[in-house]
Amino acid sequence: MAGQSTKAREENAELRQVIVKREAELAIINSIQQGLSSRLEVQAIYDLVGDKICDIFNAQVVMISTYDALTETIEHRYAIEQGKRVYAQGHFPIRGFRTQIVQTKQPVLVGKDVAEKAARLGQPTLPGTITPKTWLGVPMLVGDQVTGILSLQNVEEENAFSDADVQLLQTLAASMSVALENARLWEQETKYLQALEHEFEVGRDIQAGFLPNILPQPEGWEIAASLLPAREVAGDFYDVFELPDQTIGIVIADVCDKGLGAALFMTLFRSFIRAVSNINFYTRATPGEIISSSERLKYTISLTNNYIAETHGNTGMFATVFFGIFEPHTGKLTYINCGQLPPMVIRAGRLRERLTLTGTPVGAVSDMEFAIRESTLAPGDILFAFTDGMTDTTNPAGVNFGEDRLIPWLSKDQPLTSLLEQIQEGIEKFSGGSARFDDITLLAVKRRNK
C-alpha cells in the first residue's frame, strides 16, 4: 500500500509538471497571438515572434525565413546568432533540411550528427560558421503551400529539443502564418487603395480642368459658382462662357448616378455643350451669320441629347441640365430647363420667378422636343441655380435643407462669392457634419443696380 501511494504521488507530481508546462505553453501562445492581433505590418510580426522564440527556447540561433516557390529561394526576415541580430540581405538557394521541409511539409528535428546529415542533403557547412549540435525546423503554411520556415539551432547540446518543443514551434508557426497572410492581404489592399486614390487624384485634377478657372464678369454683372463633390470625383458640373454674339452662356447640370461613371459622363456632357453652342455655321449657308439664342439653345441641347441617347443609350446615363443665355446689355435671358431644379430669380429679397422645366433630361430619349423660354433680369435681380444635392441634404433629425432657407441669404446685398460661401457653411452646419451623399453645385448671376 505504501509503495502504491508513493507511485501515485510520483505520477501526480509528473502530471502536475505536465499541466504546468502546458499552461506555460498556452500562456506563451496566447501572448504571441495577442501581439499578432495588434500588428498588421509584416516585419513587426517577424520581430515579435522571433524575439519571443529567443526567450522561450534553448536555442542560440533563431531564423525565420520566407520561401519563394517560383525561384526556390529563401529570404531570412529574422536571424539571431549567439544573441546578436544578423541582417542577411537577399535571396539564397534553399538546401538541406529546409528543402526536406518544403518537400514534405513536415517538421524536421535532427538531434545529433547535424553536419553530416546536412551534407548528405546537399547543405555543406560553410567556413567560419558554427556547427549546430541540434537543428529543428517547421514549415509555415498558408493552405497547403509552404510560405516559409521557422528554424532553431542549439550549438552546445545534442538532442536539445523535445517533441513538445516541435509541437509548440508548429503552433507558433501556424499563428504567425495566419497573421502574416492577413498582413499581406492588408498591405496588398493598402497598396491597391493608395494606387486607386492616386488615380482619383489624377481624375480630380483632370475634372477640375473642365470647370472654368475664371468666370466671365460682363460690365454691370457679377457671376459666381461652386461645386462640392460628395466623392472623389463629381457628376455635377457648371460652366460659364462667352458666345460669339457677345452673349453669356450659363450651365448647371447633374449627371445621374455617382462616382467615376458619372464623372466620365460629366466631361462628355460639358464638352459637348460647350463645343456645340460655340458653332455658328451648322444651320446657316453663310458661315459668319449669327444665330439667335433660342436656336443656339435648341440645336445644342438637341444634338447633345441625340448623341448621348443614340451612342451611349445602353449605359442608361443622362443629365438634368439648365442652360441659359443672357444678353448683358438688356438683361434678356433665354433658357432651356431639362429636368433641373427650377432656378430662382430673387428681386428685392423676394422670390419673383422660377425658371421651370421645358423638357426631359438630356440623353434619356432621342429626338425629343425641347421648349425655349425667356425671362428678363432687372437691375438688382439675382438668378440662383442649384442641384438637388443642396435641397436633399438632411440634418440628424432627417429633415431636408430645402429651398426656403435660401431666401434670407439671397436678400443680403453682398458679393456673390461671399453669398455662396455662407450658403455652403449653412449647409455644413445644418447637416451636423454628416458626410455628403450627393454633389452640391451652386451658380449665381446678379445684375448690378445702375
# chains A, B, ... in the order shown; residues from 1 in each chain; ligands from 1
>>> residues_around(residues="A:Cys54", least_positions_apart="6", cutoff="10 Å", atoms="only C-alpha atoms", output="list in words")
Gln60, Val61, Val62, Met63, Ile80, Gly83 and Leu152 of chain A
>>> write_last_selection(atoms="N, CA and C atoms", output="CSV table (one decimal), in the first residue's frame")
chain,number,residue,atom,x,y,z
A,60,GLN,N,20.5,29.0,-29.6
A,60,GLN,CA,21.5,30.1,-29.8
A,60,GLN,C,21.3,30.8,-31.2
A,61,VAL,N,20.6,30.0,-32.1
A,61,VAL,CA,20.3,30.6,-33.4
A,61,VAL,C,18.8,30.4,-33.7
A,62,VAL,N,18.2,31.5,-34.1
A,62,VAL,CA,16.8,31.5,-34.4
A,62,VAL,C,16.6,32.2,-35.8
A,63,MET,N,16.0,31.5,-36.7
A,63,MET,CA,15.8,32.1,-38.0
A,63,MET,C,14.4,32.0,-38.5
A,80,ILE,N,18.9,35.5,-35.5
A,80,ILE,CA,19.6,35.8,-34.3
A,80,ILE,C,20.7,34.7,-34.2
A,83,GLY,N,22.8,35.6,-29.7
A,83,GLY,CA,22.3,36.8,-29.1
A,83,GLY,C,22.4,38.1,-29.9
A,152,LEU,N,15.4,26.5,-35.5
A,152,LEU,CA,16.2,26.7,-34.3
A,152,LEU,C,17.4,25.9,-34.4
>>> select_by_dssp(residues="stretch 103-237 of chain A", states="alpha helix (DSSP H)", output="MDAnalysis selection string")
chainID A and resid 103:104 114:120 163:210
>>> write_last_selection(atoms="C-alpha atoms", output="PDB file, in the first residue's frame")
ATOM      1  CA  GLN A 103       9.060  18.804 -49.938  1.00  0.00           C
ATOM      2  CA  THR A 104       7.361  17.004 -47.043  1.00  0.00           C
ATOM      3  CA  VAL A 114      23.830  17.592 -37.816  1.00  0.00           C
ATOM      4  CA  ALA A 115      26.753  18.484 -40.116  1.00  0.00           C
ATOM      5  CA  GLU A 116      26.980  15.016 -41.642  1.00  0.00           C
ATOM      6  CA  LYS A 117      23.247  14.729 -42.232  1.00  0.00           C
ATOM      7  CA  ALA A 118      23.084  18.230 -43.704  1.00  0.00           C
ATOM      8  CA  ALA A 119      25.939  17.418 -46.082  1.00  0.00           C
ATOM      9  CA  ARG A 120      24.088  14.314 -47.316  1.00  0.00           C
ATOM     10  CA  ASP A 163       8.739  16.555 -29.239  1.00  0.00           C
ATOM     11  CA  ALA A 164       6.894  19.109 -27.111  1.00  0.00           C
ATOM     12  CA  ASP A 165       9.216  21.804 -28.493  1.00  0.00           C
ATOM     13  CA  VAL A 166       8.349  20.688 -32.015  1.00  0.00           C
ATOM     14  CA  GLN A 167       4.619  20.935 -31.284  1.00  0.00           C
ATOM     15  CA  LEU A 168       4.962  24.359 -29.668  1.00  0.00           C
ATOM     16  CA  LEU A 169       7.051  25.675 -32.569  1.00  0.00           C
ATOM     17  CA  GLN A 170       4.472  24.327 -35.021  1.00  0.00           C
ATOM     18  CA  THR A 171       1.717  26.122 -33.154  1.00  0.00           C
ATOM     19  CA  LEU A 172       3.666  29.376 -33.194  1.00  0.00           C
ATOM     20  CA  ALA A 173       4.425  28.941 -36.904  1.00  0.00           C
ATOM     21  CA  ALA A 174       0.725  28.394 -37.617  1.00  0.00           C
ATOM     22  CA  SER A 175      -0.275  31.513 -35.676  1.00  0.00           C
ATOM     23  CA  MET A 176       2.390  33.550 -37.417  1.00  0.00           C
ATOM     24  CA  SER A 177       1.382  32.231 -40.848  1.00  0.00           C
ATOM     25  CA  VAL A 178      -2.201  33.387 -40.316  1.00  0.00           C
ATOM     26  CA  ALA A 179      -1.042  36.798 -39.092  1.00  0.00           C
ATOM     27  CA  LEU A 180       1.386  37.157 -41.995  1.00  0.00           C
ATOM     28  CA  GLU A 181      -1.264  36.242 -44.549  1.00  0.00           C
ATOM     29  CA  ASN A 182      -3.622  38.806 -43.021  1.00  0.00           C
ATOM     30  CA  ALA A 183      -0.824  41.367 -43.074  1.00  0.00           C
ATOM     31  CA  ARG A 184      -0.021  40.512 -46.696  1.00  0.00           C
ATOM     32  CA  LEU A 185      -3.647  40.946 -47.697  1.00  0.00           C
ATOM     33  CA  TRP A 186      -3.819  44.190 -45.716  1.00  0.00           C
ATOM     34  CA  GLU A 187      -0.691  45.517 -47.384  1.00  0.00           C
ATOM     35  CA  GLN A 188      -1.995  44.425 -50.779  1.00  0.00           C
ATOM     36  CA  GLU A 189      -5.293  46.183 -50.133  1.00  0.00           C
ATOM     37  CA  THR A 190      -3.490  49.260 -48.818  1.00  0.00           C
ATOM     38  CA  LYS A 191      -1.317  49.446 -51.928  1.00  0.00           C
ATOM     39  CA  TYR A 192      -4.373  48.987 -54.115  1.00  0.00           C
ATOM     40  CA  LEU A 193      -6.249  51.729 -52.273  1.00  0.00           C
ATOM     41  CA  GLN A 194      -3.228  54.009 -52.498  1.00  0.00           C
ATOM     42  CA  ALA A 195      -2.982  53.386 -56.232  1.00  0.00           C
ATOM     43  CA  LEU A 196      -6.722  53.935 -56.568  1.00  0.00           C
ATOM     44  CA  GLU A 197      -6.507  57.153 -54.563  1.00  0.00           C
ATOM     45  CA  HIS A 198      -3.717  58.314 -56.851  1.00  0.00           C
ATOM     46  CA  GLU A 199      -5.884  57.589 -59.877  1.00  0.00           C
ATOM     47  CA  PHE A 200      -8.751  59.516 -58.314  1.00  0.00           C
ATOM     48  CA  GLU A 201      -6.404  62.415 -57.577  1.00  0.00           C
ATOM     49  CA  VAL A 202      -5.448  62.457 -61.235  1.00  0.00           C
ATOM     50  CA  GLY A 203      -9.151  62.262 -62.086  1.00  0.00           C
ATOM     51  CA  ARG A 204      -9.929  65.153 -59.749  1.00  0.00           C
ATOM     52  CA  ASP A 205      -7.210  67.256 -61.352  1.00  0.00           C
ATOM     53  CA  ILE A 206      -8.431  66.425 -64.845  1.00  0.00           C
ATOM     54  CA  GLN A 207     -12.042  67.062 -63.900  1.00  0.00           C
ATOM     55  CA  ALA A 208     -11.148  70.361 -62.250  1.00  0.00           C
ATOM     56  CA  GLY A 209      -9.673  71.389 -65.601  1.00  0.00           C
ATOM     57  CA  PHE A 210     -13.133  71.090 -67.157  1.00  0.00           C
TER      58      PHE A 210
END
>>> residues_around(residues="A:Ile301", least_positions_apart="5", cutoff="8 Å", atoms="only C-alpha atoms", output="PyMOL selection string")
chain A and resi 273+362+370
>>> atom_distance(atom1="atom CA of A:Gly96", atom2="atom CA of A:Lys112")
15.0 Å
